[in-house]
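**Student:** Next up is a structure, given as structure tokens.
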Amino acid sequence: MAAVSEAPPLVEPAVPARGWRRRLGVPAEVGAVVAVAAVVFLLIRPMLWKHQFVGFDWYAHLWYIWHQEGSLKSTGLPTLFNFNQTGLFDPHYAFYGGTLYVITAIIALVVGHVAAFVLTWIGAFAMAQGGFYWLARMAGVGKVAAHVPGVLFIASPWWLSSIYAWGSWGQAVAVSSLVLLLAAAISILRADALRPGPAIALALSTTLYTGSHNLTMLWATTLAVVIGIVLLLVVPAARRLLFQPRGLKRLALVMVPAFLVNAWFFLPDVAYQAQTSIATNTALAEGLVRTSMFYVVPKYLFTLHNHNGLPGFTHQSAQLPFLAVGWALIAIVLFRPRLRSPFLWTAAALLAAAVGVWQLMTHVEWILGLPSPYDRVQAPYRFEAYIELAAAGLVICALALAARTRGWRKYWVFATVPIMALVIANGKALVDEPFPAPPVSPPWSQPRPYTSVDEPPWGAADYIDSRLPSINPDPTMPRILFNGKTAEKHHRVSASIEASEGQDVLSNVKTATWLIKVTGAHFVANDPNGNGVLEIDDAPNGVAHVTVAATNPPPVVIGRIVSILALLWLAGAAVVMVLGRRSAVRRPVVEEAPPADEPETAPGRDVD
């Protein structure tokens, strides 16, 4: 028996397909899926065989995946630390998307970390394309046209540059998982019960969105809240959709534990981030923003082709999605929606957000005037992620209005075909650009020493204790070296050095003072690489014995417990949901005939 909703429809239903459009429905849908798959393959080809990772962030993330994989192999547990030749006990995973590294490292245990890394990029493509398709379908867009917003997004110059030029792995995964999160959340709010498919999508996307890139989560959540508040004020359908006790309970049942899965790294991050170098080094943050402003000048933003902002640096483009936005605005004018249309107001809110972010992106003083950590964007082209999201949402609104329009005006939808063709061709040209120099592609498949000269030094000092003074030590200062392999395996390592009590010595240990304990010495300063200068506490017979070990302060212990409980919560909810659906299938359905004086469907009701 069909579920009956007491509330009127949230939005005006789409015009049903008729005539030739209905007859060609299935072949067109299959063709659209094949075409989208071909586009995705076209854009990921450089990842599949060449492994030409032009941006240094590609290499750095690969290295961190490899080390997290090593921790899982040796201890069976994820670690908060990275250990390499630039320094030991670097708490990278405590401050930078720890859960994404762990998920990828688990996949790497089966397929290897290069393949796992590539699979996560492909997963980002899938979440973005699938999320936008899902949103469009719920808005009433046809099965073929619903692919348009996702294609425009994944073939956009910003998206491809974030992959092949900047290597912004965490940001790309967070942005794409946000799209899937929104689609799954709206689907669950619209449904009469919690179903496995949307629940799994919501749990996965929530975990990735909150466990991949903190800065993206901060900015995207802030913008989403602002846009959401505006829509709640001006769109009655949005209020009816959100303010449902049952729907909100279903969201909480999935989203709360999915977010808390990240507590193992998120609690230490929140507890200690304000004392890290990256949080307190205002001069560095300002310098990074100012020196990268040339990427977002008009000649790079308003162009129909790739325009590298840095000579010799390929795969770089910051072109705005003005063609897609222009098409959507013309469509809204042509379709003449009712003033009360939720799609009209949603389009207006998204357009205002996109224009506002564009202005912020191109005004350095506006960025630097924001409170920390909003001003720690490092590069203004990061903001284009939110412009692209808004543009795709704007296209969905226009397509939804087209689905509710009769007559010749709705054929404006076909104008998206040449726009998509141009965007896809531009994207192919971008990913196929020749490299001006040999790309960073280390011999991952070849055996090599634990520490070697090709390890990534970038960001090695981001998460040290900024409360310690930074010095340039005397080159003659003695140095105590701890074994990296031992430190990684046991999270505890010892070494000896000829020194006297009170003498300063250099070390190869990062000063993550909140998460490690030093015995036999104590930190007194940081060197330029973020490694600690130790002052010897005791040196019997002129030999100092120093031990460094990971500690378990309350944020670490509580975070691990919360993460385990969250995983158990999700597992229990999944079991209850599956058992509930099985019992519902087995339960016989008894249909009651309506009273003789009452029609089968009461007036004012919506049959789903």
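In the structure tokens, the first chain shown is A, the next is B, and so on; residue numbers restart at 1 for each chain, and ligands run from 1 in the order shown.
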Looking only at the backbone, which of the residues in stretch 287-524 of chain A does DSSP tag as strand (DSSP E or B), as a count of residues only?
**Tutor:** 27
**Student:** For A:Phe125, work out the shell of residues within 10 Å, counting only C-alpha atoms and skipping chain neighbours fewer than 6 positions away, then give it as an MDAnalysis selection string.
**Tutor:** chainID A and resid 40 43:44 119 131 150:151 153:155 159 172:173 176:177
**Student:** Counting only C-alpha atoms, what is within 12 Å of A:Gly393, bar same-chain residues fewer than 6 positions away, as a count of residues only?
**Tutor:** 36
**Student:** With DSSP run on the backbone, what are the helix (DSSP H, G or I) residues within stretch 60-299 of chain A? I'd like them as a count of residues only.
**Tutor:** 192
**Student:** If you count only C-alpha atoms, which residues fall within 7 Å of A:Asp538, apart from same-chain ones fewer than 6 positions away, as a count of residues only?
**Tutor:** 3
**Student:** Nearest to A:Pro198: which of A:Met577, A:Tyr272, A:Ala38, A:Val413 is it, counting only C-alpha atoms?
**Tutor:**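 Closest residue, counting only C-alpha atoms: A:Met577.
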**Student:** What lies within 8 Å of stretch 229-242 of chain A using only C-alpha atoms, ignoring chain neighbours under 6 positions off, as a PyMOL selection string?
**Tutor:** chain A and resi 10-11+189-190+248+340+342+345-346+349
**Student:** Would you list the contacts of stretch 199-212 of chain A as a short mmCIF file (atom, residue, chain, number, x, y, z; two decimals) with N, CA and C atoms, in the first residue's frame, taking every protein, DNA or RNA residue within 6 Å and counting only C-alpha atoms, but skipping same-chain residues closer than 6 positions in sequence?
**Tutor:**
data_model
loop_
_atom_site.label_atom_id
_atom_site.label_comp_id
_atom_site.auth_asym_id
_atom_site.auth_seq_id
_atom_site.Cartn_x
_atom_site.Cartn_y
_atom_site.Cartn_z
N GLY A 97 43.16 15.67 8.61
CA GLY A 97 42.32 14.62 8.03
C GLY A 97 42.75 13.21 8.32
N THR A 99 41.31 10.53 9.48
CA THR A 99 40.47 9.39 9.10
C THR A 99 40.60 9.07 7.61
N LEU A 100 40.72 10.07 6.76
CA LEU A 100 40.90 9.81 5.33
C LEU A 100 42.16 9.00 5.09
N GLY A 170 42.76 16.21 0.34
CA GLY A 170 41.81 16.33 1.42
C GLY A 170 40.66 17.25 1.08
N ALA A 174 36.72 16.17 0.68
CA ALA A 174 35.75 16.82 1.56
C ALA A 174 34.65 17.49 0.76
N SER A 177 32.40 14.81 -0.90
CA SER A 177 31.58 14.11 0.09
C SER A 177 30.47 15.01 0.63
N LEU A 178 30.70 16.33 0.64
CA LEU A 178 29.64 17.26 1.05
C LEU A 178 28.45 17.18 0.10
N LEU A 181 26.64 14.08 0.94
CA LEU A 181 26.01 14.27 2.25
C LEU A 181 24.69 15.03 2.12
N ALA A 184 22.03 12.78 0.41
CA ALA A 184 21.54 11.72 1.29
C ALA A 184 20.68 12.28 2.41
N VAL A 254 22.26 8.71 12.24
CA VAL A 254 23.36 8.37 11.34
C VAL A 254 24.50 9.38 11.44
N ALA A 258 28.56 9.02 12.83
CA ALA A 258 29.50 9.12 11.70
C ALA A 258 30.50 10.23 11.93
N PHE A 259 30.04 11.35 12.49
CA PHE A 259 30.96 12.43 12.84
C PHE A 259 31.90 12.00 13.97
N ASN A 262 35.45 10.25 13.88
CA ASN A 262 36.69 11.03 13.74
C ASN A 262 37.23 11.55 15.07
#
**Student:** For A:Leu570, find every residue with an atom within 9 Å (counting only C-alpha atoms), except residues of its own chain fewer than 2 positions away, and show them as a ChimeraX atom specification.
**Tutor:** /A:203,253-254,257-258,565-568,572-575
